[in-house]
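Enquirer: Okay, here's the structure, questions in a sec.
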Amino acid sequence: MKVTDKFSSCTFDAVAQDQTIKLGSNSGGELALIIPKETTCAPTDITTKITNGDYTVDVTVKGVTVTLPDAENKAFKLVANIYTDGTLLINLGKDVNGKVNAVTASRSLKELYTNYDKVYENLVTTVGGTMEFALADDVQKDAAPEERKGVEVTKDGTVTVSNDYDGKPIKVTLEGKCGKEKIFAITIPVVIPANELNGTFGYKDAKNTKFEYDVKNATARTNGLDLTTAFVWKDGDKKNVWPTADNDTYGSNNAMDIYNFSIVYSLSGKDASSFEVPTISDSKLKLIKSIAETSTIKSTMEVVVTATPTSPWGSMVGQAKSITVTVPTWVDKQ
């Protein structure tokens with residue numbers, strides 16, 4: 001019943017001193033029950049003294065029942081969007097020249113529910129509850145919250161993963177509460193599009209996996225074999241990331257740093273101890289100095305070099321590549 005003009009200037013007092021629920025005038029001037037936040041009650045008669053000038057009247061509303069929202073109530077039940085999942089979207093940052101200089105993966109998890117806005121309205125706006133997203137407690141559980149790196153979750157559901165993440169699975173919780181009472185709790189697995197972000201690591205020429213070490217003089221032997229002639233890393237669009245980034249895509253920006261990629265080299269075979277283990281800083285296979293500077297070697301040597309790509313976005317298991325390097329004998333001219 002509309003009572004805009006008749007009740008807006010009234011005063012309302014609960015008849016029972018301990019009664020927290022009473023009648024009152026809402027923002028629209030209508031007579032309404034005023035229920036303090038987080039208040040519940042079994043069937044109760046609510047009596048309110050309404051005063052307007054010299055006139056006073058006691059009004060009783062019988063059998064008022066106030067309960068917390070029920071998770072099974074359709075008003076508070078989220079409906080999954082069957083056409084999408086928790087896979088993040090790739091975002092490429094670009095410099096003033098339009099070249100890629102940053103990468104993140106993010107999305108709003110509210111998109112996973114077709115009725116998210118309506119449930120939010122029912123629980124938060126109408127009832128005064130809360131709906132908040134958060135990183136699940138068991139994600140990076142060995143690190144204090146302030147030390148967790150590479151993943152951020154806002155309370156309204158935007159997840160952002162950057163290139164200093166550790167590549168482990170991510171879970172996000174969505175909790176609906178009314179005061180301290182939990183109405184619902186959902187755990188959402190977040191999927192990093194690792195295959196697209198990682199790209200592919202492989203041979204420059206899959207038919208050429210055997211190389212010969214240059215032994216023509218001490219300088220050549222000391223300089224070593226350039227491993228960038230054997231391997232190549234391409235992004236999800238098949239553009240070179242390493243050893244030389246595609247200029248049209250990355251310009252002068254360091255593509256390996258943008259993705260936080262790296263390569264770990266390992267050596268195997270009976271002659272592996274005759275070489276220094278290569279690093280990503282120069283990607284060269286080198287004989288140890290004492291052997292490289294020796295004037296005569298009468299036995300050939302062989303070593304298998306394995307390059308293993310590493311990425312913060314997810315596992316690259318199966319993408320390690322190996323080459324065989326043969327070092328021929330040599331005799332330096334006197």
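By order of appearance in the structure tokens: chains A, B, ..., then residues from 1 within every chain, and ligands from 1 in the order shown.
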Region 324-334 of chain A: which residues within 12 Å, counting only C-alpha atoms, same-chain residues fewer than 3 positions away excluded, as number ranges by chain?
Expert: A: 208-221, 224-227, 230, 267-269, 271-272, 274-275, 284-287, 291-307, 321
Enquirer: When DSSP is applied to the backbone of this structure, which of region 33-239 of chain A are assigned helix (DSSP H, G or I)? Write them out as a PyMOL selection string.
Expert: chain A and resi 74-76+109-112+116-126+145-147+194-198+218-223+227-229
Enquirer: Could you take the residues named above and write them with N, CA and C atoms, as a CSV table (one decimal), in the first residue's frame?
Expert:
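What ended up in selection-v3.csv:
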```csv
chain,number,residue,atom,x,y,z
A,74,LYS,N,16.2,-20.4,-5.5
A,74,LYS,CA,16.6,-20.0,-6.8
A,74,LYS,C,17.1,-18.6,-6.9
A,75,ALA,N,16.7,-17.8,-6.0
A,75,ALA,CA,17.2,-16.4,-6.0
A,75,ALA,C,18.6,-16.3,-5.7
A,76,PHE,N,19.2,-17.3,-5.0
A,76,PHE,CA,20.6,-17.3,-4.6
A,76,PHE,C,21.4,-18.5,-5.3
A,109,LEU,N,35.6,-13.9,-14.1
A,109,LEU,CA,34.9,-15.2,-13.8
A,109,LEU,C,33.4,-15.1,-13.7
A,110,LYS,N,32.9,-13.8,-13.6
A,110,LYS,CA,31.5,-13.7,-13.5
A,110,LYS,C,30.8,-14.2,-14.8
A,111,GLU,N,31.6,-14.2,-15.9
A,111,GLU,CA,31.1,-14.7,-17.2
A,111,GLU,C,30.7,-16.2,-17.1
A,112,LEU,N,31.2,-16.9,-16.1
A,112,LEU,CA,30.9,-18.3,-16.0
A,112,LEU,C,29.5,-18.6,-15.5
A,116,TYR,N,24.6,-14.3,-12.8
A,116,TYR,CA,25.5,-13.8,-11.8
A,116,TYR,C,24.9,-12.4,-11.3
A,117,ASP,N,24.6,-11.5,-12.2
A,117,ASP,CA,24.2,-10.2,-11.8
A,117,ASP,C,22.9,-10.2,-11.0
A,118,LYS,N,22.0,-11.1,-11.3
A,118,LYS,CA,20.7,-11.2,-10.6
A,118,LYS,C,20.9,-11.8,-9.2
A,119,VAL,N,21.8,-12.8,-9.1
A,119,VAL,CA,22.1,-13.4,-7.7
A,119,VAL,C,22.7,-12.3,-6.9
A,120,TYR,N,23.7,-11.6,-7.5
A,120,TYR,CA,24.4,-10.5,-6.8
A,120,TYR,C,23.3,-9.5,-6.3
A,121,GLU,N,22.4,-9.1,-7.1
A,121,GLU,CA,21.4,-8.1,-6.7
A,121,GLU,C,20.6,-8.7,-5.6
A,122,ASN,N,20.2,-10.0,-5.6
A,122,ASN,CA,19.3,-10.6,-4.6
A,122,ASN,C,20.1,-10.7,-3.3
A,123,LEU,N,21.3,-11.1,-3.3
A,123,LEU,CA,22.1,-11.4,-2.1
A,123,LEU,C,22.7,-10.1,-1.5
A,124,VAL,N,23.3,-9.3,-2.4
A,124,VAL,CA,24.1,-8.2,-1.9
A,124,VAL,C,23.3,-6.9,-1.8
A,125,THR,N,22.6,-6.6,-2.9
A,125,THR,CA,21.9,-5.3,-2.9
A,125,THR,C,20.6,-5.4,-2.1
A,126,THR,N,19.9,-6.5,-2.2
A,126,THR,CA,18.6,-6.6,-1.5
A,126,THR,C,18.8,-7.0,0.0
A,145,PRO,N,50.4,-14.9,1.8
A,145,PRO,CA,49.5,-14.2,0.8
A,145,PRO,C,50.2,-13.0,0.2
A,146,GLU,N,51.0,-12.3,1.0
A,146,GLU,CA,51.7,-11.1,0.4
A,146,GLU,C,52.9,-11.5,-0.5
A,147,GLU,N,53.3,-12.7,-0.4
A,147,GLU,CA,54.4,-13.2,-1.2
A,147,GLU,C,54.0,-14.0,-2.4
A,194,ALA,N,48.1,-22.5,-21.6
A,194,ALA,CA,49.6,-22.8,-21.6
A,194,ALA,C,50.1,-23.1,-23.0
A,195,ASN,N,49.4,-23.9,-23.8
A,195,ASN,CA,49.8,-24.3,-25.1
A,195,ASN,C,50.0,-23.1,-26.0
A,196,GLU,N,49.0,-22.2,-25.9
A,196,GLU,CA,49.1,-21.0,-26.8
A,196,GLU,C,50.2,-20.0,-26.3
A,197,LEU,N,50.4,-19.9,-25.0
A,197,LEU,CA,51.4,-19.0,-24.5
A,197,LEU,C,52.8,-19.6,-24.6
A,198,ASN,N,52.9,-20.9,-24.4
A,198,ASN,CA,54.2,-21.5,-24.5
A,198,ASN,C,54.7,-21.6,-25.9
A,218,ALA,N,93.0,-23.3,-31.9
A,218,ALA,CA,92.6,-23.1,-30.4
A,218,ALA,C,91.5,-22.1,-30.2
A,219,THR,N,91.5,-21.0,-31.1
A,219,THR,CA,90.5,-20.0,-30.9
A,219,THR,C,89.1,-20.6,-31.2
A,220,ALA,N,89.0,-21.4,-32.3
A,220,ALA,CA,87.7,-22.0,-32.7
A,220,ALA,C,87.3,-22.9,-31.6
A,221,ARG,N,88.2,-23.7,-31.1
A,221,ARG,CA,87.8,-24.7,-30.1
A,221,ARG,C,87.4,-24.0,-28.8
A,222,THR,N,88.0,-22.9,-28.5
A,222,THR,CA,87.6,-22.1,-27.3
A,222,THR,C,86.2,-21.4,-27.5
A,223,ASN,N,86.0,-21.0,-28.7
A,223,ASN,CA,84.7,-20.3,-29.0
A,223,ASN,C,83.5,-21.2,-28.9
A,227,LEU,N,74.8,-23.1,-30.2
A,227,LEU,CA,73.6,-23.9,-30.2
A,227,LEU,C,72.4,-23.3,-30.8
A,228,THR,N,72.4,-22.0,-31.0
A,228,THR,CA,71.3,-21.3,-31.6
A,228,THR,C,71.1,-21.7,-33.1
A,229,THR,N,72.1,-22.4,-33.6
A,229,THR,CA,72.0,-22.8,-35.0
A,229,THR,C,71.2,-24.1,-35.1
```
Enquirer: What's the 9 Å shell around Val15 (chain A), counting only C-alpha atoms, without same-chain residues fewer than 4 positions away, as an mmCIF file with all heavy atoms, in the first residue's frame?
Expert:
```
data_model
loop_
_atom_site.group_PDB
_atom_site.id
_atom_site.type_symbol
_atom_site.label_atom_id
_atom_site.label_comp_id
_atom_site.auth_asym_id
_atom_site.auth_seq_id
_atom_site.Cartn_x
_atom_site.Cartn_y
_atom_site.Cartn_z
ATOM 1 N N GLN A 19 13.034 -5.501 21.007
ATOM 2 C CA GLN A 19 12.595 -5.814 19.643
ATOM 3 C C GLN A 19 13.429 -5.022 18.633
ATOM 4 O O GLN A 19 13.457 -3.802 18.661
ATOM 5 C CB GLN A 19 11.114 -5.456 19.491
ATOM 6 C CG GLN A 19 10.534 -5.736 18.107
ATOM 7 C CD GLN A 19 9.074 -5.365 18.073
ATOM 8 O OE1 GLN A 19 8.260 -5.933 18.802
ATOM 9 N NE2 GLN A 19 8.736 -4.385 17.242
ATOM 10 N N LYS A 22 11.062 -3.584 13.349
ATOM 11 C CA LYS A 22 9.899 -2.710 13.545
ATOM 12 C C LYS A 22 9.414 -2.193 12.202
ATOM 13 O O LYS A 22 10.097 -2.315 11.179
ATOM 14 C CB LYS A 22 10.249 -1.544 14.460
ATOM 15 C CG LYS A 22 11.299 -0.603 13.888
ATOM 16 C CD LYS A 22 11.587 0.542 14.849
ATOM 17 C CE LYS A 22 12.608 1.507 14.244
ATOM 18 N NZ LYS A 22 12.892 2.647 15.154
ATOM 19 N N ILE A 46 5.287 -8.535 15.619
ATOM 20 C CA ILE A 46 6.052 -7.295 15.684
ATOM 21 C C ILE A 46 5.085 -6.129 15.883
ATOM 22 O O ILE A 46 4.230 -5.865 15.035
ATOM 23 C CB ILE A 46 6.873 -7.082 14.399
ATOM 24 C CG1 ILE A 46 7.812 -8.275 14.162
ATOM 25 C CG2 ILE A 46 7.649 -5.776 14.458
ATOM 26 C CD1 ILE A 46 8.839 -8.479 15.231
ATOM 27 N N THR A 47 5.237 -5.443 17.015
ATOM 28 C CA THR A 47 4.374 -4.300 17.309
ATOM 29 C C THR A 47 5.193 -3.018 17.298
ATOM 30 O O THR A 47 6.255 -2.943 17.938
ATOM 31 C CB THR A 47 3.685 -4.456 18.671
ATOM 32 O OG1 THR A 47 2.909 -5.665 18.667
ATOM 33 C CG2 THR A 47 2.758 -3.275 18.959
ATOM 34 N N THR A 48 4.677 -2.015 16.589
ATOM 35 C CA THR A 48 5.373 -0.739 16.447
ATOM 36 C C THR A 48 4.426 0.407 16.784
ATOM 37 O O THR A 48 3.275 0.423 16.340
ATOM 38 C CB THR A 48 5.886 -0.568 14.994
ATOM 39 O OG1 THR A 48 6.694 -1.692 14.656
ATOM 40 C CG2 THR A 48 6.690 0.715 14.852
ATOM 41 N N LYS A 49 4.921 1.362 17.582
ATOM 42 C CA LYS A 49 4.151 2.563 17.889
ATOM 43 C C LYS A 49 4.464 3.617 16.839
ATOM 44 O O LYS A 49 5.616 4.022 16.679
ATOM 45 C CB LYS A 49 4.492 3.096 19.276
ATOM 46 C CG LYS A 49 3.731 4.370 19.655
ATOM 47 C CD LYS A 49 4.087 4.831 21.061
ATOM 48 C CE LYS A 49 3.465 3.864 22.077
ATOM 49 N NZ LYS A 49 3.683 4.350 23.472
ATOM 50 N N ASP A 58 -0.689 1.871 17.721
ATOM 51 C CA ASP A 58 0.139 0.667 17.762
ATOM 52 C C ASP A 58 -0.302 -0.265 16.634
ATOM 53 O O ASP A 58 -1.501 -0.589 16.530
ATOM 54 C CB ASP A 58 -0.009 -0.054 19.100
ATOM 55 C CG ASP A 58 0.722 0.675 20.232
ATOM 56 O OD1 ASP A 58 1.388 1.687 19.932
ATOM 57 O OD2 ASP A 58 0.601 0.239 21.383
#
```
Enquirer: Find the distance between CA of Arg107 (chain A) and CA of Gly86 (chain A) and write it in Å to one decimal.
Expert: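 These atoms are spaced 8.3 Å apart.
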Enquirer: Please identify the strand (DSSP E) residues within region 22-225 of chain A (assignment by DSSP from backbone atoms) and present them as a PyMOL selection string.
Expert: chain A and resi 22-25+31-34+41-52+55-66+89-94+100-108+130-135+151-153+158-161+170-178+181-190+200-203+210-212+225
Enquirer: Need to verify the contact set: Val161 (chain A), 7 Å, only C-alpha atoms, exclusion of same-chain residues closer than 2 positions in sequence. Can you return it as a PyMOL selection string?
Expert: chain A and resi 104-106+150-152+159+163+165
Enquirer: Export N, CA, C and O atoms of the chosen residues as a compact mmCIF listing (two decimals), in the first residue's frame?
Expert:
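Below is the file again-v9.txt, written as the result:
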```
# COMPACT_ATOMS: atom_id res chain seq x y z
N THR A 104 49.91 -11.00 -20.47
CA THR A 104 49.21 -11.52 -19.30
C THR A 104 48.08 -12.41 -19.80
O THR A 104 47.74 -12.39 -20.99
N ALA A 105 47.50 -13.14 -18.89
CA ALA A 105 46.30 -13.93 -19.19
C ALA A 105 45.26 -13.57 -18.14
O ALA A 105 45.55 -13.61 -16.94
N SER A 106 44.06 -13.20 -18.57
CA SER A 106 43.06 -12.77 -17.60
C SER A 106 41.65 -12.97 -18.13
O SER A 106 41.44 -13.22 -19.32
N GLY A 150 52.52 -13.53 -9.31
CA GLY A 150 52.09 -13.87 -10.65
C GLY A 150 50.62 -14.09 -10.85
O GLY A 150 50.18 -14.27 -11.98
N VAL A 151 49.82 -14.08 -9.79
CA VAL A 151 48.38 -14.27 -9.95
C VAL A 151 47.64 -13.32 -9.02
O VAL A 151 47.99 -13.18 -7.84
N GLU A 152 46.64 -12.66 -9.55
CA GLU A 152 45.84 -11.72 -8.78
C GLU A 152 44.37 -11.99 -9.04
O GLU A 152 43.95 -12.21 -10.17
N VAL A 159 40.52 -12.34 -12.80
CA VAL A 159 41.75 -13.08 -12.54
C VAL A 159 42.80 -12.65 -13.56
O VAL A 159 42.52 -12.62 -14.75
N ASN A 163 53.75 -13.08 -16.02
CA ASN A 163 54.83 -13.99 -16.41
C ASN A 163 55.75 -14.41 -15.27
O ASN A 163 56.74 -15.11 -15.52
N TYR A 165 54.44 -16.11 -12.69
CA TYR A 165 53.73 -17.18 -12.01
C TYR A 165 54.56 -18.46 -12.08
O TYR A 165 55.48 -18.57 -12.90
```
Enquirer: With distances taken over only C-alpha atoms, which residue among A:Leu78, A:Ser252, A:Asp70, A:Cys10 lies nearest Asn52 (chain A)?
Expert: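 Closest to Asn52 (chain A), using only C-alpha atoms: A:Cys10.
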Enquirer: Using only C-alpha atoms, which of the listed residues (A:Thr310, A:Asp13, A:Asn73, A:Ile34) sits closest to Thr56 (chain A)?
Expert: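 For Thr56 (chain A), the nearest of the given residues is A:Asp13.
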